$ cat run_13.txt   # compact mmCIF, C-alpha atoms and all ligand atoms
# COMPACT_ATOMS: atom_id res chain seq x y z
CA ASN A 989 1.43 -14.10 15.08
CA GLU A 990 2.12 -16.17 12.03
CA VAL A 991 3.42 -14.51 8.87
CA LEU A 992 0.71 -14.34 6.20
CA LEU A 993 2.66 -12.67 3.42
CA GLU A 994 6.36 -12.51 2.78
CA VAL A 995 7.99 -10.38 0.09
CA LYS A 996 11.62 -11.07 -0.83
CA SER A 997 13.97 -9.05 -3.07
CA LEU A 998 11.03 -7.76 -5.08
CA LYS A 999 11.79 -5.72 -8.18
CA LYS A 1000 9.60 -4.17 -10.82
CA TYR A 1001 11.24 -2.36 -13.74
CA PHE A 1002 9.20 -0.74 -16.49
CA PRO A 1003 11.01 -0.49 -19.85
CA ILE A 1004 10.90 2.90 -21.57
CA LYS A 1005 12.45 4.27 -24.77
CA LYS A 1006 15.17 6.79 -24.10
CA GLY A 1007 14.11 9.15 -26.91
CA ILE A 1008 11.55 9.11 -29.70
CA PHE A 1009 14.05 7.79 -32.26
CA SER A 1010 16.23 5.86 -29.90
CA LYS A 1011 16.16 2.12 -29.70
CA THR A 1012 17.96 2.14 -26.40
CA VAL A 1013 15.68 0.95 -23.72
CA ALA A 1014 16.02 2.32 -20.22
CA HIS A 1015 14.10 1.21 -17.17
CA VAL A 1016 12.03 2.95 -14.60
CA LYS A 1017 13.12 1.11 -11.47
CA ALA A 1018 9.80 1.52 -9.71
CA VAL A 1019 10.46 -1.16 -7.12
CA ASP A 1020 14.13 -2.00 -6.68
CA GLY A 1021 14.68 -4.68 -4.09
CA VAL A 1022 12.06 -4.68 -1.37
CA ASP A 1023 11.80 -7.09 1.58
CA PHE A 1024 9.10 -7.24 4.23
CA TYR A 1025 6.50 -9.51 5.77
CA VAL A 1026 2.95 -8.98 6.97
CA LYS A 1027 1.67 -10.87 10.00
CA ASN A 1028 -1.76 -12.41 10.13
CA GLY A 1029 -4.35 -9.88 11.29
CA GLU A 1030 -2.07 -6.85 11.35
CA THR A 1031 -1.96 -3.65 9.32
CA LEU A 1032 1.36 -2.77 7.76
CA GLY A 1033 1.39 0.86 6.66
CA LEU A 1034 3.48 1.56 3.54
CA VAL A 1035 4.31 5.23 3.16
CA GLY A 1036 6.22 7.40 0.72
CA GLU A 1037 5.96 10.29 -1.71
CA SER A 1038 4.18 9.74 -5.01
CA GLY A 1039 6.27 7.76 -7.46
CA CYS A 1040 8.27 5.93 -4.77
CA GLY A 1041 6.90 2.55 -5.87
CA LYS A 1042 4.38 1.84 -3.12
CA SER A 1043 1.36 1.27 -5.41
CA THR A 1044 3.47 -0.80 -7.78
CA THR A 1045 4.54 -2.94 -4.81
CA GLY A 1046 0.87 -3.51 -3.92
CA ARG A 1047 -0.03 -4.46 -7.47
CA VAL A 1048 2.93 -6.79 -7.95
CA ILE A 1049 2.04 -8.63 -4.74
CA LEU A 1050 -1.41 -9.37 -6.15
CA ARG A 1051 0.07 -10.10 -9.58
CA LEU A 1052 -1.99 -7.38 -11.17
CA LEU A 1053 1.49 -6.57 -12.49
CA GLU A 1054 4.17 -9.19 -13.08
CA ALA A 1055 7.34 -8.78 -11.02
CA THR A 1056 10.71 -8.36 -12.73
CA GLU A 1057 12.38 -10.34 -9.94
CA GLY A 1058 11.68 -11.60 -6.48
CA THR A 1059 9.35 -13.82 -4.49
CA VAL A 1060 6.01 -13.33 -2.82
CA ILE A 1061 4.95 -16.06 -0.43
CA PHE A 1062 1.30 -15.97 0.59
CA GLN A 1063 -0.14 -18.60 2.92
CA GLY A 1064 2.98 -20.65 2.31
CA LYS A 1065 2.74 -20.56 -1.51
CA ASP A 1066 4.98 -18.70 -3.91
CA ILE A 1067 2.35 -16.80 -5.83
CA MET A 1068 4.81 -15.77 -8.56
CA THR A 1069 4.81 -19.33 -9.86
CA LEU A 1070 1.06 -19.98 -9.77
CA GLY A 1071 -0.77 -20.86 -12.98
CA LYS A 1072 -3.93 -19.07 -14.04
CA GLU A 1073 -6.35 -21.27 -12.16
CA GLU A 1074 -4.35 -21.42 -8.95
CA LEU A 1075 -3.96 -17.67 -9.09
CA GLN A 1076 -7.70 -17.23 -9.50
CA GLU A 1077 -8.24 -19.40 -6.45
CA MET A 1078 -5.64 -17.40 -4.51
CA ARG A 1079 -7.40 -14.14 -5.43
CA ARG A 1080 -10.35 -15.13 -3.28
CA ASN A 1081 -8.04 -14.39 -0.40
CA MET A 1082 -6.18 -11.37 -1.80
CA GLN A 1083 -8.08 -8.27 -2.81
CA ILE A 1084 -7.45 -4.57 -3.43
CA ILE A 1085 -9.18 -1.31 -2.63
CA PHE A 1086 -8.20 1.40 -5.09
CA GLN A 1087 -7.26 4.98 -4.47
CA ASP A 1088 -9.79 6.70 -6.67
CA PRO A 1089 -13.38 5.63 -6.03
CA TYR A 1090 -14.42 7.80 -9.00
CA ALA A 1091 -12.27 6.00 -11.55
CA SER A 1092 -12.32 2.46 -10.18
CA LEU A 1093 -16.06 1.74 -10.36
CA ASN A 1094 -17.62 1.00 -13.75
CA PRO A 1095 -20.18 3.80 -14.31
CA ARG A 1096 -22.44 1.54 -16.36
CA MET A 1097 -22.79 -1.12 -13.70
CA THR A 1098 -25.20 -0.99 -10.80
CA VAL A 1099 -23.78 -1.15 -7.30
CA GLY A 1100 -25.27 -4.63 -7.00
CA ASP A 1101 -23.41 -5.85 -10.07
CA ILE A 1102 -20.15 -4.17 -9.06
CA ILE A 1103 -20.23 -5.99 -5.73
CA GLY A 1104 -21.68 -9.17 -7.25
CA GLU A 1105 -19.02 -9.49 -9.95
CA ALA A 1106 -16.58 -11.26 -7.65
CA LEU A 1107 -19.32 -13.64 -6.55
CA ASP A 1108 -20.01 -14.42 -10.22
CA ILE A 1109 -16.36 -14.91 -11.19
CA HIS A 1110 -15.84 -17.36 -8.37
CA GLY A 1111 -19.27 -18.97 -8.72
CA VAL A 1112 -20.07 -18.26 -5.09
CA ALA A 1113 -23.78 -17.48 -5.27
CA LYS A 1114 -26.56 -17.08 -7.82
CA GLY A 1115 -30.06 -15.61 -7.96
CA ARG A 1116 -31.63 -14.87 -4.59
CA LYS A 1117 -28.61 -16.10 -2.64
CA ARG A 1118 -26.45 -13.67 -4.59
CA GLU A 1119 -28.79 -10.80 -3.86
CA GLU A 1120 -28.89 -11.65 -0.18
CA LYS A 1121 -25.09 -11.68 -0.06
CA ILE A 1122 -24.90 -8.30 -1.74
CA LEU A 1123 -27.44 -6.83 0.69
CA GLU A 1124 -25.41 -8.23 3.56
CA LEU A 1125 -22.25 -6.59 2.16
CA LEU A 1126 -24.02 -3.24 1.67
CA ASN A 1127 -25.06 -3.41 5.29
CA GLU A 1128 -21.50 -4.22 6.42
CA VAL A 1129 -20.15 -1.07 4.78
CA GLY A 1130 -22.97 1.21 5.95
CA LEU A 1131 -24.98 1.46 2.72
CA ARG A 1132 -28.71 0.82 2.31
CA PRO A 1133 -30.58 -2.01 0.61
CA GLN A 1134 -32.10 0.34 -1.98
CA HIS A 1135 -28.58 1.30 -3.13
CA ILE A 1136 -28.25 -2.05 -4.85
CA ARG A 1137 -29.89 -0.79 -8.08
CA ARG A 1138 -28.21 2.60 -8.19
CA TYR A 1139 -25.18 3.67 -10.22
CA PRO A 1140 -21.82 4.96 -8.90
CA HIS A 1141 -22.41 8.57 -10.07
CA GLU A 1142 -25.35 8.84 -7.68
CA PHE A 1143 -22.99 8.59 -4.71
CA SER A 1144 -20.54 10.85 -2.91
CA GLY A 1145 -16.82 10.05 -2.81
CA GLY A 1146 -17.03 8.50 0.64
CA GLN A 1147 -20.00 6.33 -0.34
CA ARG A 1148 -18.23 5.25 -3.50
CA GLN A 1149 -15.28 4.13 -1.43
CA ARG A 1150 -17.74 2.12 0.70
CA ILE A 1151 -18.83 0.41 -2.53
CA GLY A 1152 -15.16 -0.29 -3.34
CA ILE A 1153 -14.70 -1.77 0.11
CA ALA A 1154 -17.81 -3.96 -0.25
CA ARG A 1155 -16.44 -5.22 -3.57
CA ALA A 1156 -13.09 -6.12 -1.98
CA LEU A 1157 -14.90 -7.77 0.93
CA ALA A 1158 -17.30 -9.82 -1.22
CA LEU A 1159 -15.34 -13.07 -0.93
CA TYR A 1160 -14.27 -12.44 2.68
CA PRO A 1161 -10.56 -12.46 1.80
CA ARG A 1162 -7.71 -12.82 4.29
CA PHE A 1163 -5.61 -10.00 2.89
CA ILE A 1164 -6.40 -6.64 1.31
CA VAL A 1165 -4.05 -4.17 -0.33
CA CYS A 1166 -5.52 -0.77 0.49
CA ASP A 1167 -3.97 1.54 -2.11
CA GLU A 1168 -4.40 5.04 -0.70
CA PRO A 1169 -8.09 4.39 -0.04
CA VAL A 1170 -8.70 7.80 1.54
CA SER A 1171 -6.32 10.07 -0.39
CA ALA A 1172 -9.01 11.23 -2.82
CA LEU A 1173 -11.55 11.94 -0.07
CA ASP A 1174 -12.28 15.06 1.97
CA VAL A 1175 -10.44 15.11 5.28
CA SER A 1176 -13.78 15.00 7.12
CA ILE A 1177 -14.68 11.72 5.39
CA GLN A 1178 -11.24 10.08 5.73
CA ALA A 1179 -11.67 9.18 9.40
CA GLN A 1180 -15.07 7.58 8.73
CA ILE A 1181 -13.65 5.33 6.06
CA ILE A 1182 -10.60 4.41 8.15
CA ASN A 1183 -12.87 3.60 11.11
CA LEU A 1184 -15.03 1.42 8.89
CA MET A 1185 -11.95 -0.42 7.65
CA GLU A 1186 -10.81 -1.02 11.22
CA GLU A 1187 -14.22 -2.37 12.21
CA LEU A 1188 -14.23 -4.73 9.25
CA GLN A 1189 -10.69 -5.84 10.04
CA GLU A 1190 -11.71 -6.73 13.56
CA LYS A 1191 -14.92 -8.45 12.52
CA PHE A 1192 -13.52 -10.52 9.67
CA GLY A 1193 -9.91 -10.98 10.78
CA LEU A 1194 -8.54 -9.10 7.78
CA THR A 1195 -4.88 -8.32 7.19
CA TYR A 1196 -4.06 -5.02 5.49
CA LEU A 1197 -1.19 -3.56 3.55
CA PHE A 1198 -2.26 0.06 3.90
CA ILE A 1199 -0.59 2.40 1.40
CA ALA A 1200 -0.52 6.17 1.94
CA HIS A 1201 1.67 9.12 0.96
CA ASP A 1202 1.52 10.66 4.38
CA LEU A 1203 2.59 9.29 7.77
CA SER A 1204 -0.37 10.92 9.54
CA VAL A 1205 -2.92 8.86 7.58
CA VAL A 1206 -1.51 5.47 8.64
CA LYS A 1207 -0.68 6.43 12.22
CA HIS A 1208 -3.97 5.31 13.69
CA ILE A 1209 -4.62 2.15 11.71
CA SER A 1210 -1.12 0.60 11.43
CA ASP A 1211 0.59 -1.89 13.72
CA ARG A 1212 3.89 -1.45 11.90
CA VAL A 1213 4.94 1.09 9.31
CA ALA A 1214 7.37 0.87 6.37
CA VAL A 1215 8.77 4.00 4.71
CA MET A 1216 9.66 3.82 1.03
CA TYR A 1217 11.96 6.10 -0.95
CA LEU A 1218 12.75 5.76 -4.64
CA GLY A 1219 11.92 2.08 -5.00
CA LYS A 1220 13.31 0.85 -1.68
CA ILE A 1221 12.14 0.56 1.91
CA VAL A 1222 14.41 2.75 4.02
CA GLU A 1223 12.88 2.09 7.44
CA LEU A 1224 10.37 -0.31 8.98
CA ALA A 1225 9.33 -0.58 12.62
CA ASP A 1226 6.50 -0.97 15.07
CA LYS A 1227 4.24 2.04 14.82
CA ASP A 1228 5.05 3.63 18.17
CA GLU A 1229 8.76 3.04 17.73
CA LEU A 1230 8.73 4.61 14.27
CA TYR A 1231 6.81 7.71 15.33
CA GLU A 1232 8.69 8.20 18.59
CA SER A 1233 12.21 7.14 17.63
CA PRO A 1234 12.62 7.39 13.87
CA LEU A 1235 16.14 6.59 12.69
CA HIS A 1236 16.31 7.29 8.97
CA PRO A 1237 16.83 10.94 7.99
CA TYR A 1238 14.03 10.61 5.42
CA THR A 1239 11.54 9.32 8.00
CA CYS A 1240 12.58 12.15 10.32
CA ALA A 1241 11.86 14.68 7.57
CA LEU A 1242 8.45 13.15 6.78
CA LEU A 1243 7.54 13.09 10.47
CA SER A 1244 8.63 16.64 11.02
CA ALA A 1245 6.04 17.73 8.47
CA ILE A 1246 3.16 16.37 10.57
CA PRO A 1247 1.68 18.89 12.98
CA ILE A 1248 1.68 17.42 16.49
CA PRO A 1249 -1.09 18.21 18.96
CA ASP A 1250 1.22 18.19 22.00
CA PRO A 1251 3.09 21.55 22.11
CA GLU A 1252 5.60 20.15 24.64
CA LEU A 1253 6.88 17.80 22.00
CA LYS A 1254 8.28 20.53 19.80
CA ARG A 1255 9.77 19.09 16.70
CA GLN A 1256 12.04 20.97 14.38
CA ARG A 1257 10.63 21.05 10.88
CA ILE A 1258 13.17 19.46 8.55
CA LEU A 1259 12.73 20.70 5.03
CA LEU A 1260 13.70 18.30 2.31
CA GLU A 1261 15.81 20.00 -0.28
CA GLY A 1262 15.61 19.24 -3.97
CA ASP A 1263 13.33 16.88 -5.83
CA VAL A 1264 13.09 13.12 -5.77
CA PRO A 1265 15.69 11.94 -8.33
CA SER A 1266 14.53 10.00 -11.38
CA PRO A 1267 13.89 6.29 -10.82
CA VAL A 1268 15.49 5.69 -14.24
CA ASP A 1269 18.95 6.64 -12.94
CA PRO A 1270 18.72 6.55 -9.16
CA PRO A 1271 21.73 8.06 -7.34
CA ARG A 1272 24.63 5.72 -6.65
CA GLY A 1273 25.18 4.60 -3.09
CA CYS A 1274 22.39 5.65 -0.76
CA ARG A 1275 19.55 6.89 -2.94
CA PHE A 1276 18.68 9.53 -0.42
CA HIS A 1277 22.15 11.13 -0.38
CA THR A 1278 21.21 13.95 -2.77
CA ARG A 1279 18.71 15.23 -0.21
CA CYS A 1280 20.29 14.12 3.04
CA ARG A 1281 21.85 16.69 5.34
CA GLU A 1282 23.96 14.02 7.01
CA ALA A 1283 25.40 12.57 3.82
CA ARG A 1284 29.13 11.86 3.70
CA ASP A 1285 31.53 10.14 1.31
CA ILE A 1286 30.48 6.57 1.99
CA CYS A 1287 26.85 7.49 1.27
CA ARG A 1288 27.73 8.44 -2.29
CA GLU A 1289 29.53 5.16 -2.89
CA LYS A 1290 27.89 2.36 -1.00
CA ASP A 1291 24.24 1.35 -0.84
CA PRO A 1292 23.41 0.95 2.86
CA GLU A 1293 22.19 -2.44 3.96
CA PHE A 1294 18.60 -2.73 5.26
CA LYS A 1295 19.38 -4.09 8.71
CA ASP A 1296 17.59 -4.93 11.94
CA VAL A 1297 18.90 -2.64 14.67
CA GLY A 1298 16.82 -4.40 17.34
CA ASP A 1299 13.28 -5.63 17.95
CA GLY A 1300 12.34 -5.68 14.30
CA HIS A 1301 13.32 -2.06 13.72
CA PHE A 1302 14.89 -2.05 10.27
CA VAL A 1303 16.79 0.85 8.76
CA ALA A 1304 18.95 1.42 5.68
CA CYS A 1305 21.47 4.09 6.65
CA HIS A 1306 25.27 4.00 7.11
CA LEU A 1307 25.10 6.15 10.22
CA ARG A 1308 22.55 4.13 12.18
FE1 LIG B 1401 21.82 10.02 4.68
FE2 LIG B 1401 24.01 8.56 4.30
FE3 LIG B 1401 22.08 7.65 5.85
FE4 LIG B 1401 21.74 7.80 3.23
S1 LIG B 1401 23.18 6.50 4.29
S2 LIG B 1401 20.29 8.41 4.77
S3 LIG B 1401 22.83 9.67 2.75
S4 LIG B 1401 23.32 9.45 6.20
MG MG B 1402 -0.21 5.57 -5.87
$ encode --input "run_13.txt" --output "structure tokens"
Amino acid sequence: NEVLLEVKSLKKYFPIKKGIFSKTVAHVKAVDGVDFYVKNGETLGLVGESGCGKSTTGRVILRLLEATEGTVIFQGKDIMTLGKEELQEMRRNMQIIFQDPYASLNPRMTVGDIIGEALDIHGVAKGRKREEKILELLNEVGLRPQHIRRYPHEFSGGQRQRIGIARALALYPRFIVCDEPVSALDVSIQAQIINLMEELQEKFGLTYLFIAHDLSVVKHISDRVAVMYLGKIVELADKDELYESPLHPYTCALLSAIPIPDPELKRQRILLEGDVPSPVDPPRGCRFHTRCREARDICREKDPEFKDVGDGHFVACHLR
């Protein structure tokens, strides 16, 4: 499988004032040196606790936020250097589905206009053609033709996320950043939406970067999974490998929190102690050392390299 998207040494720092009267500027190091690629047609799950930088990574890739440093190659082009028009053209192939279907749909626009907006921006279809396209998209996501003239508030959370998916799908893009698309939904609805996304992926050959805060959400849909902690990816591997043979102590802790259906496979629950440190002053050395039960001297001094330990299983830990 060819590589569709490649992210290299990506950083995103947000400047903040240190105090109300202080002129000293500090930085929230939301994304602090991230490398990965996404293969054509696959789903890469990106998982971590809130504030670890996963959503920021998704937004920087699409240039909804400008990177502080780093490169993003999409379909062979460095999208960080694209001008406004080239970027607009590129956006036909790179879309996003947002976490909160309540906040991300304009309440004053009809469903038809929400979905049709992308068609308008890119001059894809007008008049009857436009309407036909929108009806086709409604059908693809399991909504009805009469929904075209309704407003977002008339729908349930799950249906609203279907509208968000239809909007992202409108230009039949190659790549979609799915930013926690089911986190705001009832557990009973989550599987329906994930199934729909898998069907659409199959049908239209989509590639997903699927962001979630929980390893159980991405287990089914992902081909590979990356685990993020405090602005960095600490482990990345094929799905089965990651769930069966996790190497990083943080991944092990996250996995131990997932209930497993098979009672034979008893897993010891590993409780993470302490809070996630501030991304303004991340710990020296390995960022996870303040919460790691295996930490030793070198961990407090040296940042572990993110290395391939075999078959595309990457881990950043001195002991692995
Ligand atoms: Fe723990 Fe050290 Fe590995 Fe970091 S490098 S995860 S502190 S053992
Ligand atoms: Mg988020």
$ residues_around --input "run_13.txt" --residues "range 1004-1020 of chain A" --least-positions-apart "4" --cutoff "9 Å" --atoms "all atoms listed in the file" --output "ChimeraX atom specification"
/A:997-1000,1039-1042,1044-1045,1218-1220,1266-1270
$ closest_atom_pairs --input "run_13.txt" --of "chain A" --to "ligand MG 1402 (chain B)" --cutoff "12 Å" --atoms "only C-alpha atoms and all ligand atoms" --output "tab-separated table"
residue	atom	partner	partner_atom	distance
A:Ala1018	CA	B:MG1402	MG	11.5
A:Leu1034	CA	B:MG1402	MG	10.9
A:Val1035	CA	B:MG1402	MG	10.1
A:Gly1036	CA	B:MG1402	MG	9.4
A:Glu1037	CA	B:MG1402	MG	8.8
A:Ser1038	CA	B:MG1402	MG	6.1
A:Gly1039	CA	B:MG1402	MG	7.0
A:Cys1040	CA	B:MG1402	MG	8.6
A:Gly1041	CA	B:MG1402	MG	7.7
A:Lys1042	CA	B:MG1402	MG	6.5
A:Ser1043	CA	B:MG1402	MG	4.6
A:Thr1044	CA	B:MG1402	MG	7.6
A:Thr1045	CA	B:MG1402	MG	9.8
A:Gly1046	CA	B:MG1402	MG	9.3
A:Arg1047	CA	B:MG1402	MG	10.2
A:Ile1085	CA	B:MG1402	MG	11.8
A:Phe1086	CA	B:MG1402	MG	9.0
A:Gln1087	CA	B:MG1402	MG	7.2
A:Asp1088	CA	B:MG1402	MG	9.7
A:Val1165	CA	B:MG1402	MG	11.8
A:Cys1166	CA	B:MG1402	MG	10.4
A:Asp1167	CA	B:MG1402	MG	6.7
A:Glu1168	CA	B:MG1402	MG	6.7
A:Pro1169	CA	B:MG1402	MG	9.9
A:Val1170	CA	B:MG1402	MG	11.5
A:Ser1171	CA	B:MG1402	MG	9.4
A:Ala1172	CA	B:MG1402	MG	10.9
A:Phe1198	CA	B:MG1402	MG	11.4
A:Ile1199	CA	B:MG1402	MG	7.9
A:Ala1200	CA	B:MG1402	MG	7.8
A:His1201	CA	B:MG1402	MG	7.9
A:Asp1202	CA	B:MG1402	MG	11.6
$ closest_atom_pairs --input "run_13.txt" --of "chain A" --to "ligand LIG 1401 (chain B)" --cutoff "10 Å" --atoms "all atoms listed in the file" --output "Markdown table"
| residue | atom | partner | partner_atom | distance |
| --- | --- | --- | --- | --- |
| A:Val1222 | CA | B:LIG1401 | S2 | 8.2 |
| A:Leu1235 | CA | B:LIG1401 | FE3 | 9.1 |
| A:His1236 | CA | B:LIG1401 | S2 | 5.9 |
| A:Pro1237 | CA | B:LIG1401 | S2 | 5.4 |
| A:Tyr1238 | CA | B:LIG1401 | S2 | 6.7 |
| A:Thr1239 | CA | B:LIG1401 | S2 | 9.4 |
| A:Gly1273 | CA | B:LIG1401 | FE4 | 7.9 |
| A:Cys1274 | CA | B:LIG1401 | FE4 | 4.6 |
| A:Arg1275 | CA | B:LIG1401 | FE4 | 6.6 |
| A:Phe1276 | CA | B:LIG1401 | FE4 | 5.1 |
| A:His1277 | CA | B:LIG1401 | S3 | 3.5 |
| A:Thr1278 | CA | B:LIG1401 | S3 | 7.2 |
| A:Arg1279 | CA | B:LIG1401 | S3 | 7.5 |
| A:Cys1280 | CA | B:LIG1401 | FE1 | 4.7 |
| A:Arg1281 | CA | B:LIG1401 | FE1 | 6.7 |
| A:Glu1282 | CA | B:LIG1401 | S4 | 4.7 |
| A:Ala1283 | CA | B:LIG1401 | S3 | 4.0 |
| A:Arg1284 | CA | B:LIG1401 | FE2 | 6.1 |
| A:Asp1285 | CA | B:LIG1401 | FE2 | 8.2 |
| A:Ile1286 | CA | B:LIG1401 | FE2 | 7.2 |
| A:Cys1287 | CA | B:LIG1401 | FE2 | 4.3 |
| A:Arg1288 | CA | B:LIG1401 | S3 | 7.1 |
| A:Glu1289 | CA | B:LIG1401 | S1 | 9.7 |
| A:Lys1290 | CA | B:LIG1401 | S1 | 8.2 |
| A:Asp1291 | CA | B:LIG1401 | S1 | 7.3 |
| A:Pro1292 | CA | B:LIG1401 | S1 | 5.7 |
| A:Glu1293 | CA | B:LIG1401 | S1 | 9.0 |
| A:Val1303 | CA | B:LIG1401 | FE3 | 9.1 |
| A:Ala1304 | CA | B:LIG1401 | S1 | 6.8 |
| A:Cys1305 | CA | B:LIG1401 | FE3 | 3.7 |
| A:His1306 | CA | B:LIG1401 | S1 | 4.3 |
| A:Leu1307 | CA | B:LIG1401 | S4 | 5.5 |
| A:Arg1308 | CA | B:LIG1401 | FE3 | 7.3 |
$ atom_distance --input "run_13.txt" --atom1 "CA of Arg1212 in chain A" --atom2 "CA of Thr1059 in chain A"
21.2 Å
$ residues_around --input "run_13.txt" --residues "Ala1158 in chain A" --least-positions-apart "6" --cutoff "7 Å" --atoms "all atoms listed in the file" --output "VMD selection string"
chain A and resid 1103 1106 to 1107 1125
$ axis_aligned_box --input "run_13.txt" --around "range 1241-1246 of chain A" --padding-each-side "6 Å" --output "JSON"
{"center_x": 7.5, "center_y": 15.4, "center_z": 8.9, "size_x": 20.7, "size_y": 16.6, "size_z": 16.2}
$ atom_distance --input "run_13.txt" --atom1 "CA of Glu1223 in chain A" --atom2 "CA of Gln1189 in chain A"
25.0 Å
$ residues_around --input "run_13.txt" --residues "Pro1089 in chain A" --least-positions-apart "2" --cutoff "9 Å" --atoms "only C-alpha atoms" --output "MDAnalysis selection string"
chainID A and resid 1085:1087 1091:1093 1140 1145:1152 1169 1172:1173
$ residues_around --input "run_13.txt" --residues "Arg1132 in chain A" --least-positions-apart "3" --cutoff "12 Å" --atoms "all atoms listed in the file" --output "number ranges by chain"
A: 1099-1100, 1122-1129, 1135-1138, 1143, 1147, 1150-1151
$ atom_distance --input "run_13.txt" --atom1 "CA of Phe1024 in chain A" --atom2 "CA of Ile1181 in chain A"
26.1 Å
$ closest_residue --input "run_13.txt" --among "A:Lys1027, A:Lys1114, A:Lys1191, A:Arg1162" --to "Glu994 in chain A" --atoms "only C-alpha atoms"
A:Lys1027
$ residues_near_point --input "run_13.txt" --point "(-11.3, -13.8, -10.0)" --cutoff "9 Å" --atoms "all atoms listed in the file" --output "ChimeraX atom specification"
/A:1075-1080,1105-1110
$ closest_residue --input "run_13.txt" --among "A:Ile1258, A:Ile1061, A:Ile1182, A:Val1048" --to "Ile1209 in chain A" --atoms "all atoms listed in the file"
A:Ile1182
$ residues_around --input "run_13.txt" --residues "Asp1226 in chain A" --least-positions-apart "3" --cutoff "7 Å" --atoms "all atoms listed in the file" --output "PyMOL selection string"
chain A and resi 1211-1213+1229-1230
$ decode --input "run_13.txt" --residues "range 1044-1081 of chain A" --atoms "C-alpha atoms" --output "short mmCIF file (atom, residue, chain, number, x, y, z; two decimals), in the first residue's frame"
data_model
loop_
_atom_site.label_atom_id
_atom_site.label_comp_id
_atom_site.auth_asym_id
_atom_site.auth_seq_id
_atom_site.Cartn_x
_atom_site.Cartn_y
_atom_site.Cartn_z
CA THR A 1044 -4.28 19.62 17.33
CA THR A 1045 -2.34 17.11 15.23
CA GLY A 1046 -5.46 16.49 13.11
CA ARG A 1047 -6.07 20.20 12.62
CA VAL A 1048 -2.47 21.02 11.77
CA ILE A 1049 -2.42 18.28 9.12
CA LEU A 1050 -5.38 19.94 7.40
CA ARG A 1051 -3.88 23.39 8.00
CA LEU A 1052 -6.90 24.47 9.97
CA LEU A 1053 -4.07 25.47 12.31
CA GLU A 1054 -0.61 26.47 11.12
CA ALA A 1055 2.24 24.25 12.31
CA THR A 1056 5.10 25.71 14.34
CA GLU A 1057 7.53 23.32 12.65
CA GLY A 1058 7.53 20.20 10.55
CA THR A 1059 6.33 18.80 7.25
CA VAL A 1060 3.14 17.19 6.06
CA ILE A 1061 3.32 15.44 2.71
CA PHE A 1062 -0.03 14.57 1.17
CA GLN A 1063 -0.23 12.87 -2.23
CA GLY A 1064 3.41 13.76 -2.73
CA LYS A 1065 2.99 17.49 -1.98
CA ASP A 1066 4.23 19.38 1.05
CA ILE A 1067 0.99 20.98 2.12
CA MET A 1068 2.73 23.35 4.55
CA THR A 1069 4.06 25.34 1.61
CA LEU A 1070 0.86 25.53 -0.46
CA GLY A 1071 -0.62 28.91 -1.32
CA LYS A 1072 -4.27 29.71 -0.72
CA GLU A 1073 -5.56 28.41 -4.02
CA GLU A 1074 -3.52 25.22 -4.02
CA LEU A 1075 -4.62 24.59 -0.47
CA GLN A 1076 -8.26 25.05 -1.44
CA GLU A 1077 -7.78 22.52 -4.21
CA MET A 1078 -6.08 20.12 -1.80
CA ARG A 1079 -9.01 20.43 0.64
CA ARG A 1080 -11.24 18.64 -1.83
CA ASN A 1081 -9.28 15.58 -0.84
#
